[in-house]
$ cat protein07.txt   # compact mmCIF, C-alpha atoms and all ligand atoms
# COMPACT_ATOMS: atom_id res chain seq x y z
CA MET E 1144 126.29 33.81 84.58
CA LYS E 1145 123.12 32.22 85.91
CA LYS E 1146 123.43 34.26 89.10
CA TYR E 1147 123.89 37.32 86.93
CA ILE E 1148 120.68 36.65 85.04
CA SER E 1149 118.65 36.09 88.14
CA ILE E 1150 119.85 39.34 89.66
CA PHE E 1151 119.02 41.05 86.41
CA ALA E 1152 115.57 39.47 86.38
CA LEU E 1153 114.95 40.47 89.97
CA LEU E 1154 116.05 44.02 89.24
CA SER E 1155 113.74 44.32 86.27
CA VAL E 1156 110.83 43.09 88.39
CA ILE E 1157 111.64 45.74 91.00
CA ILE E 1158 111.93 48.41 88.32
CA SER E 1159 108.68 47.43 86.63
CA CYS E 1160 106.87 47.42 89.99
CA LYS E 1161 108.13 50.84 90.98
CA PRO E 1162 105.75 53.05 88.95
CA GLU E 1163 102.81 51.13 90.38
CA LYS E 1164 104.05 51.63 93.95
CA LYS E 1165 104.84 55.30 93.31
CA LYS E 1166 101.40 55.95 91.87
CA GLU E 1167 99.79 54.33 94.88
CA ALA E 1168 101.89 56.52 97.17
CA ASP E 1169 100.86 59.63 95.21
CA ASP E 1170 97.20 58.72 95.51
CA ASN E 1171 97.52 58.29 99.23
CA LYS E 1172 99.52 61.46 99.68
CA LYS E 1173 97.69 64.28 101.35
CA GLN E 1174 96.72 66.91 98.78
CA GLU E 1175 98.61 70.11 99.48
CA VAL E 1176 100.18 73.16 97.94
CA THR E 1177 103.11 75.07 99.43
CA VAL E 1178 103.02 78.80 98.84
CA TYR E 1179 106.04 81.08 99.32
CA THR E 1180 104.53 84.54 99.61
CA HIS E 1181 105.65 88.11 100.19
CA ARG E 1182 102.06 89.30 100.54
CA HIS E 1183 101.31 90.53 104.03
CA TYR E 1184 97.59 91.22 103.81
CA LYS E 1185 94.63 89.84 105.70
CA SER E 1186 92.71 89.21 102.46
CA ASP E 1187 95.09 86.38 101.67
CA GLN E 1188 94.31 84.36 104.79
CA GLU E 1189 90.67 84.56 103.80
CA LEU E 1190 91.49 83.46 100.24
CA PHE E 1191 93.72 80.55 101.26
CA ALA E 1192 91.03 79.26 103.62
CA GLY E 1193 88.50 79.57 100.79
CA PHE E 1194 90.74 77.52 98.49
CA GLU E 1195 91.16 74.80 101.13
CA LYS E 1196 87.42 74.66 101.64
CA GLU E 1197 86.62 74.48 97.95
CA THR E 1198 89.26 71.95 96.90
CA GLY E 1199 90.30 70.05 100.02
CA ILE E 1200 93.89 70.94 99.16
CA LYS E 1201 95.82 72.12 102.20
CA VAL E 1202 97.70 75.42 101.78
CA ASN E 1203 101.11 75.60 103.51
CA VAL E 1204 102.24 79.20 103.76
CA VAL E 1205 105.83 80.44 104.02
CA ASN E 1206 105.85 84.21 104.53
CA ALA E 1207 108.93 86.36 103.89
CA LYS E 1208 110.26 89.12 101.65
CA ALA E 1209 110.45 88.16 97.97
CA ASP E 1210 114.25 88.37 97.86
CA GLU E 1211 114.52 86.04 100.84
CA LEU E 1212 112.07 83.60 99.26
CA ILE E 1213 113.97 83.69 95.96
CA GLN E 1214 117.22 82.99 97.82
CA LYS E 1215 115.56 80.17 99.77
CA MET E 1216 114.31 78.58 96.54
CA SER E 1217 117.78 78.88 94.98
CA LEU E 1218 119.43 77.21 97.96
CA GLU E 1219 116.82 74.46 98.17
CA GLY E 1220 117.21 73.64 94.48
CA ASP E 1221 115.25 70.60 93.32
CA LYS E 1222 114.50 69.72 96.97
CA SER E 1223 112.44 72.89 97.39
CA PRO E 1224 108.95 72.25 98.76
CA ALA E 1225 107.71 75.48 97.09
CA ASP E 1226 104.88 75.05 94.60
CA VAL E 1227 103.96 78.70 94.13
CA LEU E 1228 105.87 81.96 94.54
CA ILE E 1229 103.81 85.10 95.19
CA THR E 1230 105.38 88.57 95.16
CA VAL E 1231 104.06 92.12 95.46
CA ASP E 1232 105.63 93.29 92.23
CA ALA E 1233 106.46 92.07 88.75
CA GLY E 1234 110.17 92.88 89.13
CA ARG E 1235 110.78 90.07 91.59
CA LEU E 1236 108.85 87.59 89.44
CA VAL E 1237 111.02 88.51 86.45
CA ARG E 1238 114.07 87.97 88.68
CA ALA E 1239 112.81 84.54 89.81
CA LYS E 1240 112.21 83.56 86.18
CA ASP E 1241 115.69 84.77 85.14
CA LYS E 1242 117.19 82.62 87.89
CA GLY E 1243 115.36 79.58 86.53
CA LEU E 1244 113.18 79.23 89.62
CA LEU E 1245 109.82 79.19 87.82
CA GLN E 1246 108.27 77.07 85.10
CA SER E 1247 105.65 77.49 82.44
CA ALA E 1248 102.10 76.76 83.57
CA THR E 1249 99.54 75.86 80.96
CA SER E 1250 96.05 77.04 81.84
CA GLU E 1251 93.31 77.91 79.42
CA PHE E 1252 91.56 79.88 82.16
CA LEU E 1253 94.60 82.03 83.00
CA ASP E 1254 95.28 82.48 79.28
CA LYS E 1255 91.93 84.03 78.65
CA THR E 1256 91.47 85.80 81.98
CA ILE E 1257 94.70 87.77 82.41
CA PRO E 1258 95.60 90.51 79.89
CA SER E 1259 98.92 89.93 78.13
CA HIS E 1260 100.78 92.95 79.56
CA LEU E 1261 100.05 91.63 83.06
CA LYS E 1262 101.67 88.21 82.64
CA ASP E 1263 104.89 86.59 81.50
CA ALA E 1264 105.14 85.79 77.78
CA ASP E 1265 106.19 82.21 78.66
CA ASN E 1266 103.52 81.77 81.35
CA ASN E 1267 106.13 81.67 84.11
CA TRP E 1268 104.09 84.15 86.16
CA PHE E 1269 100.67 85.80 86.18
CA GLY E 1270 99.51 89.13 87.59
CA LEU E 1271 96.71 88.67 90.13
CA THR E 1272 95.99 92.19 91.35
CA LYS E 1273 96.83 95.63 90.08
CA ARG E 1274 98.04 98.54 92.16
CA ALA E 1275 98.21 102.05 90.74
CA ARG E 1276 101.00 104.33 91.98
CA VAL E 1277 99.19 107.64 92.15
CA ILE E 1278 99.73 111.17 93.37
CA VAL E 1279 97.75 112.16 96.45
CA TYR E 1280 97.38 115.78 97.42
CA ASN E 1281 96.12 118.05 100.15
CA PRO E 1282 93.05 119.71 98.56
CA GLU E 1283 93.42 122.73 100.82
CA LYS E 1284 96.78 123.53 99.28
CA VAL E 1285 96.76 121.99 95.83
CA LYS E 1286 94.18 121.94 93.04
CA ALA E 1287 93.78 118.98 90.70
CA GLU E 1288 94.60 121.36 87.84
CA ASP E 1289 98.06 121.87 89.34
CA LEU E 1290 98.82 118.20 88.76
CA SER E 1291 99.47 116.40 85.50
CA THR E 1292 102.25 113.83 85.12
CA TYR E 1293 105.04 112.04 87.00
CA GLU E 1294 107.39 114.12 84.85
CA ASP E 1295 105.87 117.30 86.31
CA LEU E 1296 106.91 116.24 89.84
CA ALA E 1297 110.42 117.28 88.80
CA ASN E 1298 109.19 120.86 88.35
CA GLU E 1299 110.60 123.43 90.76
CA LYS E 1300 107.08 124.41 91.82
CA TRP E 1301 107.07 121.29 94.04
CA LYS E 1302 110.26 122.25 95.89
CA ASP E 1303 110.04 121.04 99.53
CA LYS E 1304 106.46 119.94 98.92
CA LEU E 1305 106.84 116.35 97.70
CA LEU E 1306 106.75 113.21 99.85
CA ILE E 1307 107.85 109.78 98.69
CA ARG E 1308 109.44 106.83 100.46
CA SER E 1309 112.99 105.49 100.15
CA SER E 1310 114.47 104.16 96.93
CA GLY E 1311 115.07 100.73 98.46
CA ASN E 1312 111.37 100.12 98.05
CA ILE E 1313 110.36 98.07 95.02
CA TYR E 1314 107.31 100.26 94.26
CA ASN E 1315 109.63 103.22 93.65
CA GLN E 1316 112.13 101.11 91.73
CA SER E 1317 109.37 99.93 89.39
CA LEU E 1318 108.04 103.46 88.95
CA LEU E 1319 111.52 104.64 87.94
CA ALA E 1320 111.92 101.54 85.73
CA SER E 1321 108.80 102.65 83.87
CA VAL E 1322 110.11 106.21 83.56
CA ILE E 1323 113.38 104.79 82.14
CA ALA E 1324 111.36 102.71 79.65
CA ASN E 1325 109.46 105.80 78.56
CA LEU E 1326 112.08 108.59 78.66
CA GLY E 1327 115.37 106.74 78.34
CA GLU E 1328 118.05 106.51 81.02
CA GLU E 1329 119.53 109.98 80.57
CA LYS E 1330 116.27 111.90 80.88
CA ALA E 1331 115.12 109.56 83.65
CA THR E 1332 118.29 110.39 85.62
CA GLU E 1333 117.61 114.09 85.18
CA TRP E 1334 114.03 113.52 86.33
CA THR E 1335 115.14 111.59 89.41
CA THR E 1336 117.69 114.29 90.30
CA ASN E 1337 115.03 117.00 90.19
CA VAL E 1338 112.34 114.98 91.96
CA PHE E 1339 114.86 114.25 94.71
CA LYS E 1340 115.56 117.99 95.07
CA ASN E 1341 111.84 118.61 95.58
CA LEU E 1342 111.46 116.22 98.52
CA ALA E 1343 110.05 117.81 101.65
CA ARG E 1344 112.17 115.57 103.89
CA THR E 1345 114.69 112.73 103.78
CA PRO E 1346 112.69 109.72 102.60
CA LYS E 1347 111.37 107.65 105.49
CA GLY E 1348 108.40 105.45 106.36
CA ASN E 1349 106.01 103.49 104.17
CA ASP E 1350 103.34 104.71 101.75
CA ARG E 1351 100.85 105.30 104.58
CA ASP E 1352 103.37 107.50 106.39
CA GLN E 1353 103.66 109.73 103.30
CA VAL E 1354 99.87 110.29 103.34
CA LYS E 1355 99.95 111.06 107.06
CA ALA E 1356 102.78 113.56 106.44
CA VAL E 1357 100.73 115.33 103.75
CA VAL E 1358 97.82 115.68 106.16
CA ALA E 1359 100.18 116.84 108.92
CA GLY E 1360 101.40 119.59 106.58
CA GLU E 1361 104.94 118.31 106.01
CA GLY E 1362 104.34 118.43 102.27
CA ASN E 1363 101.51 118.96 99.80
CA VAL E 1364 101.74 115.95 97.51
CA ALA E 1365 102.87 112.33 97.85
CA VAL E 1366 103.32 109.33 95.60
CA VAL E 1367 101.66 106.18 96.95
CA ASN E 1368 99.90 102.97 95.95
CA THR E 1369 96.13 103.27 95.85
CA TYR E 1370 95.26 100.37 98.14
CA TYR E 1371 96.98 102.05 101.07
CA ILE E 1372 94.35 104.80 100.89
CA GLY E 1373 91.71 102.08 101.27
CA LYS E 1374 93.58 100.71 104.25
CA LEU E 1375 93.77 104.13 105.89
CA LEU E 1376 90.07 104.82 105.35
CA ASN E 1377 89.12 101.45 106.83
CA SER E 1378 91.61 101.53 109.69
CA LYS E 1379 90.56 101.07 113.34
CA ASN E 1380 92.88 103.95 114.18
CA ASN E 1381 91.16 107.36 113.97
CA GLU E 1382 94.37 109.16 113.01
CA GLU E 1383 94.69 106.87 109.99
CA VAL E 1384 91.08 107.42 108.95
CA LYS E 1385 91.69 111.15 109.25
CA ALA E 1386 94.76 110.84 107.01
CA GLY E 1387 92.82 108.87 104.42
CA LYS E 1388 90.04 111.44 104.41
CA GLY E 1389 92.43 114.37 104.28
CA ILE E 1390 93.76 113.74 100.78
CA LYS E 1391 92.50 113.38 97.24
CA ILE E 1392 93.75 110.98 94.59
CA PHE E 1393 95.12 112.09 91.23
CA PHE E 1394 95.85 109.66 88.40
CA PRO E 1395 98.91 111.00 86.53
CA ASN E 1396 99.66 110.86 82.79
CA GLN E 1397 96.07 110.50 81.66
CA GLN E 1398 96.80 112.45 78.46
CA ASP E 1399 99.66 110.19 77.42
CA ARG E 1400 100.83 106.73 78.51
CA GLY E 1401 98.60 106.34 81.57
CA THR E 1402 99.18 105.87 85.30
CA HIS E 1403 101.96 103.50 86.35
CA ILE E 1404 100.68 100.20 87.61
CA ASN E 1405 102.37 97.22 89.11
CA ILE E 1406 101.00 93.85 90.05
CA SER E 1407 101.04 91.34 92.80
CA GLY E 1408 101.41 88.02 91.03
CA ALA E 1409 102.26 84.35 91.21
CA GLY E 1410 104.29 81.73 89.36
CA VAL E 1411 104.65 77.96 89.58
CA ALA E 1412 107.98 76.94 91.13
CA LYS E 1413 110.42 75.11 88.88
CA HIS E 1414 110.58 72.05 91.15
CA ALA E 1415 106.99 72.20 92.42
CA PRO E 1416 106.17 68.83 94.00
CA ASN E 1417 102.46 69.60 93.40
CA LYS E 1418 102.37 71.34 90.04
CA GLU E 1419 98.73 70.53 89.32
CA ASN E 1420 97.65 71.93 92.68
CA ALA E 1421 99.82 74.98 92.09
CA ILE E 1422 98.00 75.77 88.84
CA LYS E 1423 94.63 75.15 90.50
CA PHE E 1424 95.65 77.55 93.27
CA ILE E 1425 96.64 80.34 90.88
CA GLU E 1426 93.45 79.79 88.87
CA PHE E 1427 91.46 80.11 92.08
CA LEU E 1428 93.15 83.45 92.87
CA ALA E 1429 92.24 84.73 89.40
CA SER E 1430 88.64 83.54 89.72
CA LYS E 1431 85.83 86.07 90.04
CA LYS E 1432 85.17 85.10 93.65
CA ALA E 1433 88.78 85.60 94.76
CA GLN E 1434 89.27 88.75 92.70
CA LYS E 1435 86.30 90.28 94.44
CA ILE E 1436 87.94 89.63 97.80
CA PHE E 1437 91.22 91.23 96.67
CA ALA E 1438 89.23 94.29 95.62
CA GLU E 1439 86.93 94.48 98.62
CA SER E 1440 89.22 93.54 101.44
CA ASN E 1441 92.58 94.78 100.17
CA TYR E 1442 91.40 97.59 97.84
CA GLU E 1443 93.45 96.28 94.90
CA TYR E 1444 92.27 96.45 91.30
CA PRO E 1445 91.19 93.08 89.89
CA VAL E 1446 93.03 91.72 86.83
CA ASN E 1447 89.96 89.69 85.93
CA THR E 1448 87.96 92.20 83.88
CA GLU E 1449 84.68 90.44 84.59
CA VAL E 1450 84.86 91.44 88.23
CA GLU E 1451 83.00 94.51 89.29
CA MET E 1452 85.05 96.97 91.29
CA SER E 1453 84.17 97.67 94.91
CA ASP E 1454 82.34 100.93 95.72
CA LEU E 1455 85.48 102.48 97.16
CA LEU E 1456 87.53 101.73 94.03
CA LYS E 1457 84.68 103.06 91.90
CA SER E 1458 84.61 106.26 93.97
CA TRP E 1459 88.24 106.96 92.95
CA GLY E 1460 87.11 107.00 89.32
CA THR E 1461 88.24 105.15 86.25
CA PHE E 1462 91.65 105.85 84.78
CA LYS E 1463 93.89 105.02 81.88
CA GLU E 1464 96.65 102.65 82.94
CA ASP E 1465 100.12 102.36 81.44
CA THR E 1466 100.10 99.08 79.51
CA LEU E 1467 103.88 98.83 79.36
CA SER E 1468 104.78 95.14 79.60
CA LEU E 1469 105.57 94.47 83.24
CA THR E 1470 108.52 92.33 82.18
CA LYS E 1471 110.14 95.61 81.21
CA LEU E 1472 109.94 96.78 84.85
CA GLY E 1473 111.93 93.74 85.91
CA LYS E 1474 114.45 94.19 83.12
CA ASN E 1475 114.96 97.88 84.04
CA ASN E 1476 115.16 97.27 87.79
CA LYS E 1477 118.98 97.25 87.99
CA LYS E 1478 119.19 100.50 85.99
CA ALA E 1479 116.61 102.10 88.31
CA VAL E 1480 118.60 101.12 91.41
CA MET E 1481 121.75 102.55 89.79
CA VAL E 1482 120.03 105.85 88.96
CA PHE E 1483 118.75 106.21 92.55
CA ASP E 1484 122.29 105.56 93.84
CA LYS E 1485 123.81 108.06 91.45
CA VAL E 1486 121.38 110.75 92.59
CA GLY E 1487 121.97 109.95 96.26
CA TRP E 1488 118.34 109.01 96.94
CA LYS E 1489 118.59 106.42 99.71
FE FE Y 1501 102.25 96.88 99.81
$ encode --input "protein07.txt" --output "structure tokens"
Amino acid sequence: MKKYISIFALLSVIISCKPEKKKEADDNKKQEVTVYTHRHYKSDQELFAGFEKETGIKVNVVNAKADELIQKMSLEGDKSPADVLITVDAGRLVRAKDKGLLQSATSEFLDKTIPSHLKDADNNWFGLTKRARVIVYNPEKVKAEDLSTYEDLANEKWKDKLLIRSSGNIYNQSLLASVIANLGEEKATEWTTNVFKNLARTPKGNDRDQVKAVVAGEGNVAVVNTYYIGKLLNSKNNEEVKAGKGIKIFFPNQQDRGTHINISGAGVAKHAPNKENAIKFIEFLASKKAQKIFAESNYEYPVNTEVEMSDLLKSWGTFKEDTLSLTKLGKNNKKAVMVFDKVGWK
């Protein structure tokens, strides 16, 4: 019995010492934040370096496609080193939340800075930049008055004149998800069928390739994200600059719901070893300074409304954006993929 007690006493000493030891270890631990990101833009390297400089917190970057990162986090479970997940669309953030891979992050700054339709209702993710999916057109062949809505792209007048990338791309899936939210699945299927019939070629290439094809005369109009126009105009490649200069931008649905937007955003990982640093990191990306860099070096629209837009973004004009909750895009993603399959749009 005596032996029993002494072991018990010893154990309780060890247990009571443990928090002290752990705290000490935490204090000595190098400050870091591990970011799983799908973003593939130069602006981000600049931003991560800026965060390290300002806070002394080292940023570890793991770069891959969002689906791969989500799978990696699932497999790693509570051993995952991920603190933050960044994607280039809301759909994947909704998916990560549904899989239980994110957690709520409380931040007064994010609460007041990011409009409610651009973030998760439970603070599992936050939009950081906006991208508008617009129509671009060849001004030698099309007048702005000929354009109006996404719905109108299903009109026969665009037969063999429309360029848009493959349906496997999340930007198109989210656009269709928004059409489903607005028109219902049946009408959205009809729309997709007719848009598909109007394509000038079998979908191929990225958004930039669609712009180049318009300028090369393969079609007259294309559907692309705005920031790619900025990238073309600022490219070191003359052909790309020529493509960027050869088109004009049209913001669809200005008389009704507004132009479809998506976000690039971030959430705190469920098992984040450095949750506090993760929140600090996301707050930094939503700060005026960082938002300015997103706008100036990646031509994305800031979510922080206090940030002035870059001259290039201003030159495209202001527009009414669709304020459909982005969660809806994630929820409708499966339906969108099914509609594309049904129509045969690969
Ligand atoms: Fe992109």
$ residues_near_ligand --input "protein07.txt" --ligand "ligand FE 1501 (chain Y)" --cutoff "10 Å" --atoms "all atoms listed in the file" --output "list of chain:residue names"
E:His1181, E:Arg1182, E:His1183, E:Tyr1184, E:Val1231, E:Asp1232, E:Arg1274, E:Asn1312, E:Ile1313, E:Tyr1314, E:Asn1349, E:Asp1350, E:Arg1351, E:Val1367, E:Asn1368, E:Thr1369, E:Tyr1370, E:Tyr1371, E:Ser1407, E:Asn1441
$ residues_near_point --input "protein07.txt" --point "(110.9, 98.2, 81.7)" --cutoff "8 Å" --atoms "all atoms listed in the file" --output "PyMOL selection string"
chain E and resi 1320-1321+1323-1324+1467-1476
$ residues_around --input "protein07.txt" --residues "segment 1455-1465 of chain E" --least-positions-apart "4" --cutoff "8 Å" --atoms "all atoms listed in the file" --output "list in words"
Ala1275, Gly1373, Ile1392, Phe1394, Gln1397, Arg1400, Gly1401, Thr1402, His1403, Ile1404, Ala1438, Tyr1442 and Tyr1444 of chain E
$ closest_residue --input "protein07.txt" --among "E:Lys1196, E:Lys1340, E:Lys1391, E:Lys1330" --to "Ala1287 of chain E" --atoms "only C-alpha atoms"
E:Lys1391
$ atom_distance --input "protein07.txt" --atom1 "atom CA of Leu1218 of chain E" --atom2 "atom CA of Ser1317 of chain E"
26.3 Å
$ atom_distance --input "protein07.txt" --atom1 "atom CA of Val1446 of chain E" --atom2 "atom CA of Trp1268 of chain E"
13.4 Å
$ closest_residue --input "protein07.txt" --among "E:Glu1283, E:Asp1241, E:Asp1221, E:Asp1265" --to "Ile1390 of chain E" --atoms "all atoms listed in the file"
E:Glu1283
$ residues_around --input "protein07.txt" --residues "Asn1281 of chain E" --least-positions-apart "4" --cutoff "7 Å" --atoms "all atoms listed in the file" --output "PyMOL selection string"
chain E and resi 1285+1357-1358+1363-1364+1389-1391
$ closest_residue --input "protein07.txt" --among "E:Ser1378, E:Met1481, E:Phe1194, E:Asp1352" --to "Val1366 of chain E" --atoms "all atoms listed in the file"
E:Asp1352
$ atom_distance --input "protein07.txt" --atom1 "atom CA of Arg1308 of chain E" --atom2 "atom CA of Lys1388 of chain E"
20.3 Å
$ residues_around --input "protein07.txt" --residues "segment 1249-1262 of chain E" --least-positions-apart "2" --cutoff "12 Å" --atoms "all atoms listed in the file" --output "MDAnalysis selection string"
chainID E and resid 1232:1234 1236:1237 1246:1247 1264:1274 1404:1411 1418:1419 1421:1431 1434 1445:1450 1464:1472
$ write_last_selection --input "protein07.txt" --atoms "C-alpha atoms" --output "tab-separated table (two decimals), in the coordinates of the input"
chain	number	residue	atom	x	y	z
E	1232	ASP	CA	105.63	93.29	92.23
E	1233	ALA	CA	106.46	92.07	88.75
E	1234	GLY	CA	110.17	92.88	89.13
E	1236	LEU	CA	108.85	87.59	89.44
E	1237	VAL	CA	111.02	88.51	86.45
E	1246	GLN	CA	108.27	77.07	85.10
E	1247	SER	CA	105.65	77.49	82.44
E	1264	ALA	CA	105.14	85.79	77.78
E	1265	ASP	CA	106.19	82.21	78.66
E	1266	ASN	CA	103.52	81.77	81.35
E	1267	ASN	CA	106.13	81.67	84.11
E	1268	TRP	CA	104.09	84.15	86.16
E	1269	PHE	CA	100.67	85.80	86.18
E	1270	GLY	CA	99.51	89.13	87.59
E	1271	LEU	CA	96.71	88.67	90.13
E	1272	THR	CA	95.99	92.19	91.35
E	1273	LYS	CA	96.83	95.63	90.08
E	1274	ARG	CA	98.04	98.54	92.16
E	1404	ILE	CA	100.68	100.20	87.61
E	1405	ASN	CA	102.37	97.22	89.11
E	1406	ILE	CA	101.00	93.85	90.05
E	1407	SER	CA	101.04	91.34	92.80
E	1408	GLY	CA	101.41	88.02	91.03
E	1409	ALA	CA	102.26	84.35	91.21
E	1410	GLY	CA	104.29	81.73	89.36
E	1411	VAL	CA	104.65	77.96	89.58
E	1418	LYS	CA	102.37	71.34	90.04
E	1419	GLU	CA	98.73	70.53	89.32
E	1421	ALA	CA	99.82	74.98	92.09
E	1422	ILE	CA	98.00	75.77	88.84
E	1423	LYS	CA	94.63	75.15	90.50
E	1424	PHE	CA	95.65	77.55	93.27
E	1425	ILE	CA	96.64	80.34	90.88
E	1426	GLU	CA	93.45	79.79	88.87
E	1427	PHE	CA	91.46	80.11	92.08
E	1428	LEU	CA	93.15	83.45	92.87
E	1429	ALA	CA	92.24	84.73	89.40
E	1430	SER	CA	88.64	83.54	89.72
E	1431	LYS	CA	85.83	86.07	90.04
E	1434	GLN	CA	89.27	88.75	92.70
E	1445	PRO	CA	91.19	93.08	89.89
E	1446	VAL	CA	93.03	91.72	86.83
E	1447	ASN	CA	89.96	89.69	85.93
E	1448	THR	CA	87.96	92.20	83.88
E	1449	GLU	CA	84.68	90.44	84.59
E	1450	VAL	CA	84.86	91.44	88.23
E	1464	GLU	CA	96.65	102.65	82.94
E	1465	ASP	CA	100.12	102.36	81.44
E	1466	THR	CA	100.10	99.08	79.51
E	1467	LEU	CA	103.88	98.83	79.36
E	1468	SER	CA	104.78	95.14	79.60
E	1469	LEU	CA	105.57	94.47	83.24
E	1470	THR	CA	108.52	92.33	82.18
E	1471	LYS	CA	110.14	95.61	81.21
E	1472	LEU	CA	109.94	96.78	84.85
$ closest_residue --input "protein07.txt" --among "E:Ala1433, E:Ala1248, E:Leu1376, E:Ala1386" --to "Gly1360 of chain E" --atoms "all atoms listed in the file"
E:Ala1386
$ residues_near_point --input "protein07.txt" --point "(90.7, 89.9, 104.5)" --cutoff "12 Å" --atoms "all atoms listed in the file" --output "number ranges by chain"
E: 1183-1193, 1374, 1377, 1433-1443
$ residues_around --input "protein07.txt" --residues "Phe1483 of chain E" --least-positions-apart "6" --cutoff "8 Å" --atoms "only C-alpha atoms" --output "JSON, numbers by chain"
{"E": [1310, 1335, 1489]}
$ build_atoms --input "protein07.txt" --residues "segment 1211-1224 of chain E" --atoms "N, CA and C atoms" --output "short mmCIF file (atom, residue, chain, number, x, y, z; two decimals), in the coordinates of the input"
data_model
loop_
_atom_site.label_atom_id
_atom_site.label_comp_id
_atom_site.auth_asym_id
_atom_site.auth_seq_id
_atom_site.Cartn_x
_atom_site.Cartn_y
_atom_site.Cartn_z
N GLU E 1211 114.17 87.15 99.94
CA GLU E 1211 114.52 86.04 100.84
C GLU E 1211 113.94 84.72 100.31
N LEU E 1212 112.71 84.80 99.80
CA LEU E 1212 112.07 83.60 99.26
C LEU E 1212 112.81 83.09 98.02
N ILE E 1213 113.23 84.04 97.18
CA ILE E 1213 113.97 83.69 95.96
C ILE E 1213 115.30 83.01 96.36
N GLN E 1214 115.95 83.57 97.37
CA GLN E 1214 117.22 82.99 97.82
C GLN E 1214 116.98 81.59 98.41
N LYS E 1215 115.91 81.47 99.16
CA LYS E 1215 115.56 80.17 99.77
C LYS E 1215 115.33 79.13 98.67
N MET E 1216 114.58 79.52 97.64
CA MET E 1216 114.31 78.58 96.54
C MET E 1216 115.60 78.19 95.82
N SER E 1217 116.50 79.16 95.64
CA SER E 1217 117.78 78.88 94.98
C SER E 1217 118.58 77.87 95.79
N LEU E 1218 118.65 78.09 97.09
CA LEU E 1218 119.43 77.21 97.96
C LEU E 1218 118.81 75.81 98.04
N GLU E 1219 117.50 75.76 98.06
CA GLU E 1219 116.82 74.46 98.17
C GLU E 1219 116.92 73.64 96.88
N GLY E 1220 117.08 74.34 95.76
CA GLY E 1220 117.21 73.64 94.48
C GLY E 1220 116.05 72.70 94.21
N ASP E 1221 116.35 71.52 93.68
CA ASP E 1221 115.25 70.60 93.32
C ASP E 1221 114.61 69.94 94.54
N LYS E 1222 115.12 70.25 95.74
CA LYS E 1222 114.50 69.72 96.97
C LYS E 1222 113.48 70.72 97.52
N SER E 1223 113.32 71.85 96.86
CA SER E 1223 112.44 72.89 97.39
C SER E 1223 110.99 72.41 97.48
N PRO E 1224 110.35 72.63 98.62
CA PRO E 1224 108.95 72.25 98.76
C PRO E 1224 108.00 73.28 98.10
#
